[in-house]
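**Student:** Below you'll find the structure I mean.
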Amino acid sequence: MLEVRHVHAGYGRFAVLRDISFDVAQGKFLGIVGRNGVGKTTLLKTIAGALKPTQGSVRLTGQELVGLDASQSARRGISLVLDRKGIFASLSVKENLLLAQRLGASRKQQWTLDAVLDMFPRLAERLGAPGGGLSGGEQQMLAIARALLTQPSLLLLDEPTEGLAPLIVANLVSLMQKLGQSGLTAIVVDQRLETVLDTCRDVLVMSRGEIAARCTCEELRHDTDLMREHLGI
Ligand SMILES: Nc1ncnc2c1ncn2[C@@H]1O[C@H](COP(=O)(O)OP(=O)(O)O)[C@@H](O)[C@H]1O
Ligand SMILES: [Mg+2]
């Protein structure tokens with residue numbers, strides 16, 4: 001479904017990604033791990049059209065995305081959840097959700113508001129609260145819920161559990177597992193290795209702008225050399 005081929009990207013003259021190639025199959029969650037600064041966020045931004053690669057190709061169901069901007073990529077079905085951005089602090093949870101739904105109105109409807117509220121019952125209890133009044137965990141849930149209502153073909157999650165208390169992380173991980181069973185296709189980047197191991201079957205290990213390994217999460221769990229060298233664990 002997603003085909004990334006020989007992608008190079010960076011910021012001005014500062015090259016970050018070098019010759020990145022990988023696929024994500026329809027209905028699968030792919031994890032990306034690697035130390036701080038190796039280029040994980042840069043890769044997600046490049047896939048989402050927020051950063052233009054200097055070389056290479058990114059195809060979604062056969063259609064080239066390189067050359068499109070972020071809003072055009074969003075219309076093709078790529079949704080990036082980054083730093084809980086995109087939440088309107090002064091609007092209510094419900095208004096935030098309805099706005100996202102409007103963005104996805106022209107796409108095939110896979111997620112209704114009811115289905116999303118079923119997935120995130122906590123948000124159903126907080127519909128009238130202002131987006132800015134939510135806890136960190138609730139904001140992350142709202143950010144993901146909004147992304148689902150844009151009816152994505154591919155969801156990109158950057159550090160979804162960052163800064164959340166352990167109990168909230170556990171709750172979010174089980175929600176992500178449910179999303180994984182729903183047929184959604186996603187890429188999950190997280191500093192917290194367990195989040196990736198618990199939600200994805202396959203994982204890319206990145207090192208300094210390159211892919212050092214692709215394996216199953218089960219293989220990574222048992223590969224102490226790979227863990228030590230690229231994750232410092
Ligand atoms: N907007 C930016 N401008 C210049 N350099 C950046 C910018 N964002 C990230 N970088 C640099 O690009 C490299 C990769 O960063 P990033 O993709 O955020 O890594 P990760 O998400 O794996 O921690 C780092 O060296 C970082 O300092
Ligand atoms: Mg990052």
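Convention: chains lettered A, B, ... in structure tokens order; per-chain residue numbering from 1; ligands numbered from 1 as shown.
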Restrict the calculation to only C-alpha atoms and all ligand atoms, then for each residue of chain A with any atom at most 9 Å from an atom of ligand 1 give the closest atom pair and their distance in Å to one decimal, rows by chain and rising residue number, as a Markdown table.

**Tutor:**
| residue | atom | partner | partner_atom_place_in_ligand_line | distance |
| --- | --- | --- | --- | --- |
| A:Gly10 | CA | ligand 1 | 12 (O) | 6.9 |
| A:Tyr11 | CA | ligand 1 | 4 (C) | 5.0 |
| A:Gly12 | CA | ligand 1 | 4 (C) | 7.6 |
| A:Phe14 | CA | ligand 1 | 5 (N) | 6.9 |
| A:Ala15 | CA | ligand 1 | 12 (O) | 7.9 |
| A:Val16 | CA | ligand 1 | 13 (C) | 5.6 |
| A:Leu17 | CA | ligand 1 | 14 (C) | 8.1 |
| A:Val33 | CA | ligand 1 | 22 (O) | 7.9 |
| A:Gly34 | CA | ligand 1 | 22 (O) | 6.4 |
| A:Arg35 | CA | ligand 1 | 22 (O) | 6.2 |
| A:Asn36 | CA | ligand 1 | 23 (O) | 3.8 |
| A:Gly37 | CA | ligand 1 | 19 (O) | 3.4 |
| A:Val38 | CA | ligand 1 | 22 (O) | 4.1 |
| A:Gly39 | CA | ligand 1 | 17 (O) | 3.2 |
| A:Lys40 | CA | ligand 1 | 22 (O) | 3.7 |
| A:Thr41 | CA | ligand 1 | 21 (O) | 3.7 |
| A:Thr42 | CA | ligand 1 | 17 (O) | 3.7 |
| A:Leu43 | CA | ligand 1 | 17 (O) | 6.5 |
| A:Leu44 | CA | ligand 1 | 17 (O) | 8.1 |
| A:Lys45 | CA | ligand 1 | 17 (O) | 8.3 |
| A:Asp158 | CA | ligand 1 | 21 (O) | 8.0 |
| A:Glu159 | CA | ligand 1 | 21 (O) | 8.6 |
| A:Val189 | CA | ligand 1 | 21 (O) | 8.2 |
| A:Asp190 | CA | ligand 1 | 21 (O) | 8.9 |
| A:Gln191 | CA | ligand 1 | 23 (O) | 8.4 |
| A:Met206 | CA | ligand 1 | 22 (O) | 8.0 |
| A:Ser207 | CA | ligand 1 | 22 (O) | 8.7 |
| A:Arg208 | CA | ligand 1 | 14 (C) | 8.0 |
| A:Gly209 | CA | ligand 1 | 14 (C) | 7.4 |

**Student:** Which neighbours of segment 61-77 of chain A fall inside 9 Å, counting only C-alpha atoms, when residues of the same chain fewer than 2 positions from it are skipped, and could you give them as a PyMOL selection string?

**Tutor:** chain A and resi 1-3+45-53+56-59+79-80+103-104+106-107+150-155

**Student:** Between A:Leu60, A:Ile20, A:Val81, A:Leu179, which is the closest to ligand 2 once you count only C-alpha atoms and all ligand atoms?

**Tutor:** A:Val81

**Student:** Do you know which residues are at most 7 Å from segment 111-128 of chain A counting only C-alpha atoms, after dropping those on the same chain fewer than 4 positions away, and could you put them as an MDAnalysis selection string?

**Tutor:** chainID A and resid 92:94 141 145 148:149 151

**Student:** Could you write those residues out with N, CA and C atoms, as a compact mmCIF listing (two decimals), in the first residue's frame?

**Tutor:**
# COMPACT_ATOMS: atom_id res chain seq x y z
N SER A 92 -14.60 22.95 21.64
CA SER A 92 -14.91 21.76 22.44
C SER A 92 -14.40 20.50 21.74
N VAL A 93 -14.35 19.43 22.49
CA VAL A 93 -13.94 18.14 21.92
C VAL A 93 -14.84 17.82 20.73
N LYS A 94 -16.13 18.01 20.90
CA LYS A 94 -17.05 17.67 19.82
C LYS A 94 -16.79 18.53 18.58
N MET A 141 -5.57 11.11 22.62
CA MET A 141 -6.73 10.38 22.09
C MET A 141 -7.52 11.25 21.12
N ALA A 145 -8.25 10.47 17.34
CA ALA A 145 -9.66 10.43 16.92
C ALA A 145 -9.90 11.37 15.75
N LEU A 148 -8.56 9.85 12.62
CA LEU A 148 -9.42 8.79 12.07
C LEU A 148 -10.60 9.37 11.30
N LEU A 149 -11.13 10.49 11.81
CA LEU A 149 -12.30 11.09 11.15
C LEU A 149 -11.95 11.76 9.82
N GLN A 151 -10.60 10.08 7.73
CA GLN A 151 -10.72 8.86 6.91
C GLN A 151 -9.41 8.51 6.21

**Student:** Skip Leu91 of chain A itself and residues of its chain fewer than 2 positions away, then list as a count of residues only all residues within 6 Å of it, counting only C-alpha atoms.

**Tutor:** 5

**Student:** I'd like to know which of A:Arg146, A:Lys108, A:Arg102, A:Arg192 is closest to ligand 2, using only C-alpha atoms and all ligand atoms.

**Tutor:**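 Of the candidates, the smallest distance to ligand 2 is held by A:Arg192.
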
**Student:** Go through A:Asp198, A:Asp83, A:Glu218, A:Asp225 and flag the residue nearest ligand 2, using only C-alpha atoms and all ligand atoms for the distances.

**Tutor:**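 Of the candidates, the smallest distance to ligand 2 is held by A:Asp83.
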
**Student:** Applying 10 Å and only C-alpha atoms, which residues near Gly163 of chain A remain after dropping the ones on its own chain fewer than 4 positions away? List them as a list of chain:residue names.

**Tutor:**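 Skipping anything fewer than 4 positions along the chain leaves A:Gly136, A:Gly137, A:Glu159, A:Ile168, A:Val169.
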
**Student:** Expressed in Å to a single decimal, how great is the separation between atom CA of Asn171 of chain A and atom CA of Thr199 of chain A?

**Tutor:** 12.2 Å

**Student:** What is the distance between atom CA of Leu220 of chain A and atom CA of Pro160 of chain A, in Å to one decimal?

**Tutor:**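 For atom CA of Leu220 of chain A relative to atom CA of Pro160 of chain A, the distance reads 20.5 Å.
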
**Student:** One number please: atom CA of Thr185 of chain A to atom CA of Gln26 of chain A, in Å, one decimal.

**Tutor:**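 That distance, rounded to one decimal, is 5.7 Å.
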
**Student:** A:Ala147, A:Ile32, A:Leu193, A:Leu184: which is nearest ligand 2, counting only C-alpha atoms and all ligand atoms?

**Tutor:** A:Ile32

**Student:** Among segment 9-45 of chain A, which residues does DSSP mark as strand (DSSP E) when it is run on the backbone? Keep the chain and numbering as in the structure and answer as a ChimeraX atom specification.

**Tutor:** /A:9-11,14-24,29-33

**Student:** When you count only C-alpha atoms, which of these residues is closest to Leu157 of chain A: A:Ile233, A:Leu134, A:Leu142, A:Ala186?

**Tutor:** A:Ala186
